[in-house]
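J.: File follows, protein08.cif with mmCIF, N, CA and C atoms:
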```cif
data_my_file
#
loop_
_atom_site.label_atom_id
_atom_site.label_comp_id
_atom_site.auth_asym_id
_atom_site.auth_seq_id
_atom_site.Cartn_x
_atom_site.Cartn_y
_atom_site.Cartn_z
N MET A 26 0.85 -1.18 0.00
CA MET A 26 0.00 0.00 0.00
C MET A 26 0.89 1.24 0.00
N ALA A 27 0.52 2.21 -0.81
CA ALA A 27 1.28 3.45 -0.89
C ALA A 27 1.23 4.20 0.44
N THR A 28 2.35 4.78 0.84
CA THR A 28 2.40 5.47 2.13
C THR A 28 1.58 6.75 2.15
N ASN A 29 1.19 7.27 0.99
CA ASN A 29 0.38 8.48 0.96
C ASN A 29 -1.12 8.18 0.94
N ALA A 30 -1.48 6.91 0.88
CA ALA A 30 -2.90 6.53 0.88
C ALA A 30 -3.48 6.75 2.28
N LYS A 31 -4.73 7.15 2.32
CA LYS A 31 -5.39 7.38 3.60
C LYS A 31 -6.07 6.11 4.09
N ILE A 32 -6.04 5.94 5.39
CA ILE A 32 -6.78 4.87 6.05
C ILE A 32 -7.79 5.55 6.97
N TYR A 33 -9.07 5.39 6.64
CA TYR A 33 -10.14 5.98 7.43
C TYR A 33 -10.60 4.98 8.48
N LEU A 34 -10.83 5.46 9.69
CA LEU A 34 -11.31 4.62 10.78
C LEU A 34 -12.61 5.18 11.33
N ALA A 35 -13.55 4.30 11.64
CA ALA A 35 -14.79 4.71 12.29
C ALA A 35 -15.28 3.55 13.14
N SER A 36 -15.98 3.90 14.21
CA SER A 36 -16.54 2.88 15.08
C SER A 36 -17.82 3.42 15.72
N ASP A 37 -18.46 2.56 16.47
CA ASP A 37 -19.48 3.04 17.37
C ASP A 37 -18.87 3.05 18.77
N HIS A 38 -19.68 3.25 19.80
CA HIS A 38 -19.17 3.31 21.17
C HIS A 38 -18.52 2.00 21.61
N ALA A 39 -18.96 0.87 21.05
CA ALA A 39 -18.42 -0.43 21.45
C ALA A 39 -17.08 -0.75 20.77
N GLY A 40 -16.64 0.13 19.89
CA GLY A 40 -15.38 -0.10 19.19
C GLY A 40 -14.32 0.95 19.43
N VAL A 41 -14.57 1.86 20.37
CA VAL A 41 -13.67 2.99 20.60
C VAL A 41 -12.27 2.54 21.03
N GLU A 42 -12.19 1.61 21.94
CA GLU A 42 -10.88 1.18 22.45
C GLU A 42 -10.05 0.51 21.36
N LEU A 43 -10.66 -0.39 20.61
CA LEU A 43 -9.92 -1.06 19.53
C LEU A 43 -9.57 -0.07 18.43
N ARG A 44 -10.48 0.85 18.11
CA ARG A 44 -10.19 1.85 17.07
C ARG A 44 -8.98 2.68 17.45
N SER A 45 -8.86 3.05 18.70
CA SER A 45 -7.72 3.82 19.17
C SER A 45 -6.42 3.03 19.00
N ALA A 46 -6.44 1.76 19.35
CA ALA A 46 -5.25 0.91 19.20
C ALA A 46 -4.89 0.74 17.72
N VAL A 47 -5.89 0.55 16.87
CA VAL A 47 -5.66 0.40 15.43
C VAL A 47 -5.09 1.69 14.85
N ALA A 48 -5.62 2.83 15.25
CA ALA A 48 -5.13 4.12 14.75
C ALA A 48 -3.66 4.30 15.09
N ALA A 49 -3.29 4.03 16.34
CA ALA A 49 -1.89 4.17 16.76
C ALA A 49 -1.00 3.20 15.99
N TYR A 50 -1.46 1.99 15.79
CA TYR A 50 -0.69 0.96 15.09
C TYR A 50 -0.44 1.36 13.63
N ILE A 51 -1.47 1.83 12.96
CA ILE A 51 -1.33 2.24 11.56
C ILE A 51 -0.44 3.48 11.44
N ALA A 52 -0.63 4.44 12.32
CA ALA A 52 0.19 5.66 12.30
C ALA A 52 1.67 5.32 12.52
N ALA A 53 1.95 4.36 13.39
CA ALA A 53 3.33 3.94 13.66
C ALA A 53 3.99 3.34 12.42
N LYS A 54 3.19 2.87 11.49
CA LYS A 54 3.70 2.32 10.23
C LYS A 54 3.95 3.43 9.20
N GLY A 55 3.66 4.67 9.57
CA GLY A 55 3.91 5.80 8.68
C GLY A 55 2.79 6.05 7.69
N LEU A 56 1.64 5.44 7.90
CA LEU A 56 0.50 5.65 7.01
C LEU A 56 -0.39 6.75 7.56
N GLN A 57 -1.13 7.40 6.68
CA GLN A 57 -2.00 8.51 7.07
C GLN A 57 -3.32 7.98 7.60
N VAL A 58 -3.60 8.28 8.86
CA VAL A 58 -4.83 7.84 9.52
C VAL A 58 -5.80 9.02 9.64
N VAL A 59 -7.03 8.78 9.26
CA VAL A 59 -8.08 9.76 9.45
C VAL A 59 -9.13 9.10 10.33
N ASP A 60 -9.21 9.55 11.59
CA ASP A 60 -10.11 8.97 12.57
C ASP A 60 -11.43 9.74 12.55
N LEU A 61 -12.49 9.06 12.17
CA LEU A 61 -13.80 9.68 12.03
C LEU A 61 -14.65 9.60 13.29
N GLY A 62 -14.09 9.03 14.34
CA GLY A 62 -14.79 9.02 15.62
C GLY A 62 -15.60 7.77 15.86
N PRO A 63 -16.33 7.84 16.96
CA PRO A 63 -16.63 8.95 17.87
C PRO A 63 -15.50 9.19 18.87
N ASP A 64 -15.56 10.34 19.55
CA ASP A 64 -14.51 10.73 20.48
C ASP A 64 -14.59 10.02 21.82
N ALA A 65 -15.78 9.73 22.29
CA ALA A 65 -15.93 9.15 23.62
C ALA A 65 -16.71 7.85 23.54
N GLY A 66 -16.83 7.19 24.67
CA GLY A 66 -17.53 5.92 24.72
C GLY A 66 -19.02 6.03 24.94
N SER A 67 -19.60 7.24 24.91
CA SER A 67 -21.04 7.35 25.10
C SER A 67 -21.77 6.74 23.89
N SER A 68 -22.94 6.24 24.11
CA SER A 68 -23.68 5.51 23.10
C SER A 68 -23.92 6.33 21.83
N VAL A 69 -23.57 5.72 20.70
CA VAL A 69 -23.84 6.29 19.38
C VAL A 69 -24.36 5.17 18.49
N ASP A 70 -24.89 5.52 17.35
CA ASP A 70 -25.47 4.53 16.44
C ASP A 70 -24.48 4.17 15.32
N TYR A 71 -24.21 2.87 15.18
CA TYR A 71 -23.24 2.43 14.18
C TYR A 71 -23.60 2.83 12.75
N PRO A 72 -24.88 2.92 12.36
CA PRO A 72 -25.15 3.35 10.98
C PRO A 72 -24.61 4.75 10.68
N ASP A 73 -24.62 5.64 11.68
CA ASP A 73 -24.12 7.00 11.47
C ASP A 73 -22.62 6.98 11.15
N TYR A 74 -21.89 6.14 11.84
CA TYR A 74 -20.44 6.09 11.63
C TYR A 74 -20.06 5.24 10.43
N GLY A 75 -20.89 4.26 10.12
CA GLY A 75 -20.69 3.52 8.87
C GLY A 75 -20.87 4.44 7.67
N GLU A 76 -21.88 5.31 7.75
CA GLU A 76 -22.11 6.28 6.67
C GLU A 76 -20.95 7.27 6.57
N LYS A 77 -20.45 7.75 7.71
CA LYS A 77 -19.31 8.68 7.68
C LYS A 77 -18.11 8.04 6.99
N LEU A 78 -17.86 6.76 7.30
CA LEU A 78 -16.74 6.05 6.69
C LEU A 78 -16.96 5.90 5.19
N ALA A 79 -18.13 5.46 4.81
CA ALA A 79 -18.42 5.28 3.38
C ALA A 79 -18.28 6.59 2.62
N MET A 80 -18.81 7.66 3.16
CA MET A 80 -18.74 8.95 2.48
C MET A 80 -17.29 9.44 2.38
N ALA A 81 -16.48 9.17 3.38
CA ALA A 81 -15.07 9.55 3.32
C ALA A 81 -14.34 8.81 2.20
N LEU A 82 -14.74 7.58 1.94
CA LEU A 82 -14.10 6.77 0.90
C LEU A 82 -14.58 7.13 -0.51
N SER A 83 -15.69 7.81 -0.61
CA SER A 83 -16.27 8.14 -1.91
C SER A 83 -15.27 8.91 -2.76
N GLY A 84 -14.95 8.37 -3.92
CA GLY A 84 -14.05 9.04 -4.83
C GLY A 84 -12.57 8.86 -4.53
N GLU A 85 -12.23 8.19 -3.45
CA GLU A 85 -10.82 7.97 -3.11
C GLU A 85 -10.46 6.51 -3.38
N VAL A 86 -10.04 6.26 -4.60
CA VAL A 86 -9.80 4.89 -5.06
C VAL A 86 -8.73 4.17 -4.25
N ASP A 87 -7.70 4.86 -3.83
CA ASP A 87 -6.60 4.21 -3.12
C ASP A 87 -6.79 4.15 -1.61
N ALA A 88 -7.82 4.80 -1.10
CA ALA A 88 -8.04 4.82 0.35
C ALA A 88 -8.65 3.50 0.81
N ARG A 89 -8.44 3.22 2.08
CA ARG A 89 -9.05 2.04 2.69
C ARG A 89 -9.68 2.45 4.00
N GLY A 90 -10.54 1.58 4.52
CA GLY A 90 -11.22 1.88 5.76
C GLY A 90 -11.24 0.71 6.72
N VAL A 91 -11.37 1.06 7.99
CA VAL A 91 -11.53 0.08 9.05
C VAL A 91 -12.76 0.49 9.84
N ALA A 92 -13.72 -0.41 9.92
CA ALA A 92 -14.99 -0.16 10.62
C ALA A 92 -15.05 -1.10 11.83
N ILE A 93 -15.38 -0.54 12.98
CA ILE A 93 -15.38 -1.34 14.21
C ILE A 93 -16.65 -1.07 15.01
N CYS A 94 -17.27 -2.13 15.46
CA CYS A 94 -18.34 -2.04 16.44
C CYS A 94 -18.20 -3.24 17.37
N GLY A 95 -19.16 -3.49 18.21
CA GLY A 95 -19.03 -4.59 19.15
C GLY A 95 -18.81 -5.93 18.48
N SER A 96 -19.62 -6.22 17.48
CA SER A 96 -19.49 -7.49 16.75
C SER A 96 -18.85 -7.33 15.38
N GLY A 97 -18.85 -6.12 14.85
CA GLY A 97 -18.40 -5.87 13.49
C GLY A 97 -19.51 -6.05 12.47
N ILE A 98 -20.58 -6.68 12.89
CA ILE A 98 -21.66 -7.01 11.95
C ILE A 98 -22.45 -5.77 11.55
N GLY A 99 -22.96 -5.03 12.52
CA GLY A 99 -23.80 -3.88 12.21
C GLY A 99 -23.11 -2.85 11.36
N ILE A 100 -21.89 -2.49 11.73
CA ILE A 100 -21.19 -1.45 10.97
C ILE A 100 -20.79 -1.94 9.58
N SER A 101 -20.52 -3.24 9.44
CA SER A 101 -20.21 -3.76 8.10
C SER A 101 -21.44 -3.70 7.21
N ILE A 102 -22.61 -3.98 7.77
CA ILE A 102 -23.85 -3.85 6.99
C ILE A 102 -24.05 -2.40 6.58
N ALA A 103 -23.81 -1.48 7.50
CA ALA A 103 -23.99 -0.05 7.21
C ALA A 103 -23.09 0.42 6.07
N VAL A 104 -21.80 0.12 6.12
CA VAL A 104 -20.90 0.62 5.08
C VAL A 104 -21.14 -0.07 3.75
N ASN A 105 -21.61 -1.32 3.78
CA ASN A 105 -21.88 -2.02 2.53
C ASN A 105 -23.14 -1.53 1.81
N ARG A 106 -23.86 -0.60 2.39
CA ARG A 106 -25.02 0.01 1.72
C ARG A 106 -24.59 0.92 0.57
N PHE A 107 -23.32 1.25 0.50
CA PHE A 107 -22.81 2.19 -0.50
C PHE A 107 -22.08 1.42 -1.59
N PRO A 108 -22.40 1.67 -2.86
CA PRO A 108 -21.88 0.84 -3.95
C PRO A 108 -20.36 0.87 -4.13
N TRP A 109 -19.68 1.87 -3.65
CA TRP A 109 -18.23 1.95 -3.81
C TRP A 109 -17.48 1.25 -2.67
N VAL A 110 -18.21 0.70 -1.74
CA VAL A 110 -17.60 0.02 -0.60
C VAL A 110 -17.73 -1.49 -0.77
N ARG A 111 -16.64 -2.18 -0.51
CA ARG A 111 -16.63 -3.63 -0.41
C ARG A 111 -16.04 -3.94 0.96
N ALA A 112 -16.90 -4.05 1.96
CA ALA A 112 -16.46 -4.29 3.33
C ALA A 112 -16.57 -5.77 3.67
N ALA A 113 -15.54 -6.27 4.33
CA ALA A 113 -15.50 -7.66 4.76
C ALA A 113 -15.34 -7.72 6.27
N LEU A 114 -16.24 -8.42 6.92
CA LEU A 114 -16.10 -8.68 8.35
C LEU A 114 -15.09 -9.80 8.50
N VAL A 115 -14.00 -9.53 9.22
CA VAL A 115 -12.93 -10.53 9.34
C VAL A 115 -12.65 -10.84 10.81
N THR A 116 -12.22 -12.08 11.02
CA THR A 116 -11.89 -12.53 12.37
C THR A 116 -10.51 -13.16 12.44
N SER A 117 -9.79 -13.12 11.31
CA SER A 117 -8.44 -13.69 11.27
C SER A 117 -7.63 -12.98 10.20
N ALA A 118 -6.32 -13.07 10.33
CA ALA A 118 -5.44 -12.48 9.31
C ALA A 118 -5.67 -13.14 7.96
N GLU A 119 -5.94 -14.43 7.96
CA GLU A 119 -6.20 -15.14 6.70
C GLU A 119 -7.45 -14.59 6.01
N ALA A 120 -8.50 -14.34 6.77
CA ALA A 120 -9.71 -13.76 6.19
C ALA A 120 -9.43 -12.36 5.65
N ALA A 121 -8.65 -11.58 6.37
CA ALA A 121 -8.30 -10.23 5.91
C ALA A 121 -7.49 -10.30 4.61
N ARG A 122 -6.55 -11.22 4.55
CA ARG A 122 -5.73 -11.39 3.34
C ARG A 122 -6.63 -11.77 2.16
N LEU A 123 -7.51 -12.73 2.36
CA LEU A 123 -8.39 -13.17 1.28
C LEU A 123 -9.38 -12.08 0.86
N SER A 124 -9.80 -11.25 1.81
CA SER A 124 -10.72 -10.17 1.46
C SER A 124 -10.08 -9.21 0.46
N ARG A 125 -8.79 -9.02 0.57
CA ARG A 125 -8.06 -8.16 -0.37
C ARG A 125 -7.74 -8.92 -1.66
N GLU A 126 -7.15 -10.09 -1.50
CA GLU A 126 -6.67 -10.87 -2.63
C GLU A 126 -7.79 -11.27 -3.59
N HIS A 127 -8.91 -11.74 -3.05
CA HIS A 127 -9.98 -12.28 -3.88
C HIS A 127 -11.13 -11.31 -4.10
N ASN A 128 -11.39 -10.41 -3.14
CA ASN A 128 -12.57 -9.55 -3.22
C ASN A 128 -12.26 -8.08 -3.38
N ASN A 129 -10.99 -7.72 -3.36
CA ASN A 129 -10.57 -6.32 -3.46
C ASN A 129 -11.31 -5.45 -2.45
N ALA A 130 -11.47 -5.98 -1.23
CA ALA A 130 -12.14 -5.23 -0.17
C ALA A 130 -11.39 -3.93 0.09
N ASN A 131 -12.14 -2.85 0.25
CA ASN A 131 -11.51 -1.58 0.61
C ASN A 131 -11.81 -1.20 2.06
N VAL A 132 -12.60 -2.03 2.73
CA VAL A 132 -12.90 -1.84 4.15
C VAL A 132 -12.89 -3.20 4.83
N ILE A 133 -12.28 -3.24 6.03
CA ILE A 133 -12.49 -4.41 6.86
C ILE A 133 -13.25 -3.97 8.11
N ALA A 134 -14.07 -4.87 8.57
CA ALA A 134 -14.85 -4.64 9.79
C ALA A 134 -14.34 -5.60 10.86
N LEU A 135 -14.23 -5.07 12.06
CA LEU A 135 -13.75 -5.84 13.20
C LEU A 135 -14.74 -5.72 14.35
N GLY A 136 -14.86 -6.78 15.11
CA GLY A 136 -15.73 -6.78 16.28
C GLY A 136 -14.91 -6.74 17.56
N GLU A 137 -14.91 -5.60 18.24
CA GLU A 137 -14.09 -5.44 19.45
C GLU A 137 -14.42 -6.49 20.51
N ARG A 138 -15.66 -6.88 20.60
CA ARG A 138 -16.08 -7.85 21.63
C ARG A 138 -15.79 -9.29 21.24
N LEU A 139 -15.39 -9.52 19.99
CA LEU A 139 -15.25 -10.88 19.49
C LEU A 139 -13.83 -11.32 19.20
N ILE A 140 -12.91 -10.37 18.99
CA ILE A 140 -11.53 -10.76 18.71
C ILE A 140 -10.59 -9.97 19.61
N SER A 141 -9.42 -10.54 19.82
CA SER A 141 -8.42 -9.87 20.65
C SER A 141 -7.77 -8.73 19.87
N GLN A 142 -7.15 -7.84 20.60
CA GLN A 142 -6.42 -6.74 19.95
C GLN A 142 -5.30 -7.30 19.10
N GLU A 143 -4.62 -8.32 19.57
CA GLU A 143 -3.53 -8.95 18.81
C GLU A 143 -4.04 -9.48 17.46
N THR A 144 -5.16 -10.16 17.48
CA THR A 144 -5.75 -10.68 16.24
C THR A 144 -6.18 -9.53 15.34
N ALA A 145 -6.78 -8.51 15.90
CA ALA A 145 -7.20 -7.35 15.11
C ALA A 145 -6.02 -6.71 14.40
N LEU A 146 -4.91 -6.55 15.09
CA LEU A 146 -3.74 -5.92 14.47
C LEU A 146 -3.12 -6.82 13.41
N ALA A 147 -3.20 -8.12 13.59
CA ALA A 147 -2.75 -9.05 12.55
C ALA A 147 -3.65 -8.92 11.32
N CYS A 148 -4.94 -8.73 11.54
CA CYS A 148 -5.87 -8.49 10.43
C CYS A 148 -5.51 -7.21 9.69
N ILE A 149 -5.19 -6.16 10.44
CA ILE A 149 -4.79 -4.88 9.84
C ILE A 149 -3.56 -5.07 8.97
N ASP A 150 -2.55 -5.77 9.49
CA ASP A 150 -1.34 -6.03 8.70
C ASP A 150 -1.67 -6.72 7.38
N ALA A 151 -2.45 -7.78 7.45
CA ALA A 151 -2.80 -8.52 6.24
C ALA A 151 -3.59 -7.64 5.26
N PHE A 152 -4.53 -6.88 5.78
CA PHE A 152 -5.37 -6.01 4.96
C PHE A 152 -4.55 -4.94 4.24
N LEU A 153 -3.58 -4.38 4.93
CA LEU A 153 -2.79 -3.28 4.36
C LEU A 153 -1.65 -3.74 3.46
N THR A 154 -1.23 -4.98 3.57
CA THR A 154 -0.08 -5.45 2.80
C THR A 154 -0.43 -6.39 1.66
N THR A 155 -1.69 -6.72 1.51
CA THR A 155 -2.11 -7.66 0.46
C THR A 155 -2.72 -6.89 -0.70
N ASP A 156 -2.27 -7.24 -1.89
CA ASP A 156 -2.81 -6.63 -3.11
C ASP A 156 -3.94 -7.50 -3.67
N PHE A 157 -4.79 -6.87 -4.46
CA PHE A 157 -5.83 -7.60 -5.18
C PHE A 157 -5.18 -8.45 -6.24
N GLU A 158 -5.56 -9.71 -6.31
CA GLU A 158 -4.96 -10.66 -7.26
C GLU A 158 -5.43 -10.43 -8.69
N GLY A 159 -6.64 -9.90 -8.86
CA GLY A 159 -7.16 -9.69 -10.21
C GLY A 159 -7.52 -11.01 -10.87
N GLY A 160 -7.29 -11.12 -12.19
CA GLY A 160 -7.58 -12.36 -12.90
C GLY A 160 -9.04 -12.76 -12.77
N ARG A 161 -9.27 -14.02 -12.44
CA ARG A 161 -10.65 -14.53 -12.33
C ARG A 161 -11.43 -13.78 -11.25
N HIS A 162 -10.71 -13.26 -10.25
CA HIS A 162 -11.37 -12.52 -9.18
C HIS A 162 -11.90 -11.16 -9.67
N ALA A 163 -11.22 -10.56 -10.63
CA ALA A 163 -11.66 -9.27 -11.17
C ALA A 163 -13.03 -9.39 -11.81
N ARG A 164 -13.25 -10.48 -12.51
CA ARG A 164 -14.56 -10.71 -13.15
C ARG A 164 -15.66 -10.75 -12.09
N ARG A 165 -15.38 -11.39 -10.98
CA ARG A 165 -16.37 -11.53 -9.92
C ARG A 165 -16.62 -10.20 -9.21
N VAL A 166 -15.56 -9.44 -8.97
CA VAL A 166 -15.70 -8.13 -8.33
C VAL A 166 -16.48 -7.19 -9.27
N ASP A 167 -16.21 -7.29 -10.56
CA ASP A 167 -16.98 -6.49 -11.52
C ASP A 167 -18.46 -6.80 -11.46
N LYS A 168 -18.79 -8.07 -11.26
CA LYS A 168 -20.21 -8.45 -11.13
C LYS A 168 -20.82 -7.84 -9.89
N LEU A 169 -20.06 -7.73 -8.82
CA LEU A 169 -20.57 -7.07 -7.60
C LEU A 169 -20.93 -5.62 -7.89
N THR A 170 -20.08 -4.95 -8.64
CA THR A 170 -20.32 -3.54 -8.98
C THR A 170 -21.61 -3.41 -9.79
N LYS A 171 -21.86 -4.34 -10.68
CA LYS A 171 -23.07 -4.30 -11.51
C LYS A 171 -24.34 -4.57 -10.71
N LEU A 172 -24.21 -5.16 -9.53
CA LEU A 172 -25.38 -5.42 -8.69
C LEU A 172 -25.91 -4.14 -8.03
N SER A 173 -25.07 -3.11 -7.99
CA SER A 173 -25.47 -1.85 -7.35
C SER A 173 -26.55 -1.17 -8.16
N PRO A 174 -27.51 -0.54 -7.48
CA PRO A 174 -28.60 0.14 -8.20
C PRO A 174 -28.11 1.35 -8.98
#
```
Rewrite the structure of this file - the entire thing - as structure tokens.
T.:
Amino acid sequence: MATNAKIYLASDHAGVELRSAVAAYIAAKGLQVVDLGPDAGSSVDYPDYGEKLAMALSGEVDARGVAICGSGIGISIAVNRFPWVRAALVTSAEAARLSREHNNANVIALGERLISQETALACIDAFLTTDFEGGRHARRVDKLTKLSP
């Protein structure tokens, strides 16, 4: 991944702690982090932050995103409502690698309550260092784009 590419982060209240750790980890790698919040742990709605993440990615082909909530499920559903987003809920580095290699995912979703910080950071590494394989996978990703209204 190019060092000038932006990595957008968003969570709900249940993902604040992991989002903070992920932001510090990515910044330490010299990549540009844009943290979309929320600032505190008070209750917020994951669709609002999923939308913020999706809108930040709009038109930024090289940017990637990390979406975090308690399970990762709700916020992944929220960001996938937007046709330019291909978000994958991952629970292992292997899943994160495959999301990039086979699906050209531009967002990964993590569940703070379901995986350890160590596993989450391994997922981040795989997500940021794996390129899209293209080939037969490109045809399939193109079909996903055509499914959008």
J.: For the structure I just gave you, how does DSSP split chain A - specifically, which residues are alpha helix (DSSP H)? Reply as a VMD selection string.
T.: chain A and resid 41 to 53 71 to 82 98 to 104 118 to 126 142 to 154 161 to 172
J.: Do you know which residues are at most 6 Å from Lys31 of chain A counting only N, CA and C atoms, after dropping those on the same chain fewer than 6 positions away, and could you put them as a VMD selection string?
T.: chain A and resid 57 to 59 87 to 89
J.: Report as an NGL selection string the full result of the PyMOL selection byres ((chain A and resi 161-166) around 7) when it is applied to this structure.
T.: :A and (126-129 or 158-160 or 167-171)
J.: Using the chain letters and numbers from this document, which residues of segment 74-117 of chain A does DSSP assign to strand (DSSP E or B), as an mmCIF file with N, CA and C atoms, keeping the file's coordinate frame?
T.:
```cif
data_model
loop_
_atom_site.group_PDB
_atom_site.id
_atom_site.type_symbol
_atom_site.label_atom_id
_atom_site.label_comp_id
_atom_site.auth_asym_id
_atom_site.auth_seq_id
_atom_site.Cartn_x
_atom_site.Cartn_y
_atom_site.Cartn_z
ATOM 1 N N ARG A 89 -8.440 3.220 2.080
ATOM 2 C CA ARG A 89 -9.050 2.040 2.690
ATOM 3 C C ARG A 89 -9.680 2.450 4.000
ATOM 4 N N GLY A 90 -10.540 1.580 4.520
ATOM 5 C CA GLY A 90 -11.220 1.880 5.760
ATOM 6 C C GLY A 90 -11.240 0.710 6.720
ATOM 7 N N VAL A 91 -11.370 1.060 7.990
ATOM 8 C CA VAL A 91 -11.530 0.080 9.050
ATOM 9 C C VAL A 91 -12.760 0.490 9.840
ATOM 10 N N ALA A 92 -13.720 -0.410 9.920
ATOM 11 C CA ALA A 92 -14.990 -0.160 10.620
ATOM 12 C C ALA A 92 -15.050 -1.100 11.830
ATOM 13 N N ILE A 93 -15.380 -0.540 12.980
ATOM 14 C CA ILE A 93 -15.380 -1.340 14.210
ATOM 15 C C ILE A 93 -16.650 -1.070 15.010
ATOM 16 N N CYS A 94 -17.270 -2.130 15.460
ATOM 17 C CA CYS A 94 -18.340 -2.040 16.440
ATOM 18 C C CYS A 94 -18.200 -3.240 17.370
ATOM 19 N N ALA A 112 -16.900 -4.050 1.960
ATOM 20 C CA ALA A 112 -16.460 -4.290 3.330
ATOM 21 C C ALA A 112 -16.570 -5.770 3.670
ATOM 22 N N ALA A 113 -15.540 -6.270 4.330
ATOM 23 C CA ALA A 113 -15.500 -7.660 4.760
ATOM 24 C C ALA A 113 -15.340 -7.720 6.270
ATOM 25 N N LEU A 114 -16.240 -8.420 6.920
ATOM 26 C CA LEU A 114 -16.100 -8.680 8.350
ATOM 27 C C LEU A 114 -15.090 -9.800 8.500
#
```
J.: Using only C-alpha atoms, find all polymer residues with an atom at most 12 Å away from the point (-18.4, -11.2, 17.9); report them as a ChimeraX atom specification.
T.: /A:39-40,93-99,114-116,134-141
J.: Quick one: pull the distance between atom C of Ile102 of chain A and atom C of Asp73 of chain A, Å, one decimal.
T.: 10.5 Å
J.: Report, in Å with one decimal, the straight-line distance from atom CA of Ala48 of chain A to atom C of Phe107 of chain A.
T.: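 Value for the atom CA of Ala48 of chain A-atom C of Phe107 of chain A distance: 23.7 Å.
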J.: Counting all atoms listed in the file, which residue out of A:Glu119, A:Ala52, A:Pro108, A:Tyr33 sits closest to Ala81 of chain A?
T.: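 Residue with the minimum atom-to-atom distance to Ala81 of chain A: A:Tyr33.
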J.: Suppose you want the space between atom C of Gly90 of chain A and atom CA of Ala35 of chain A; what is it in Å?
T.: 7.7 Å
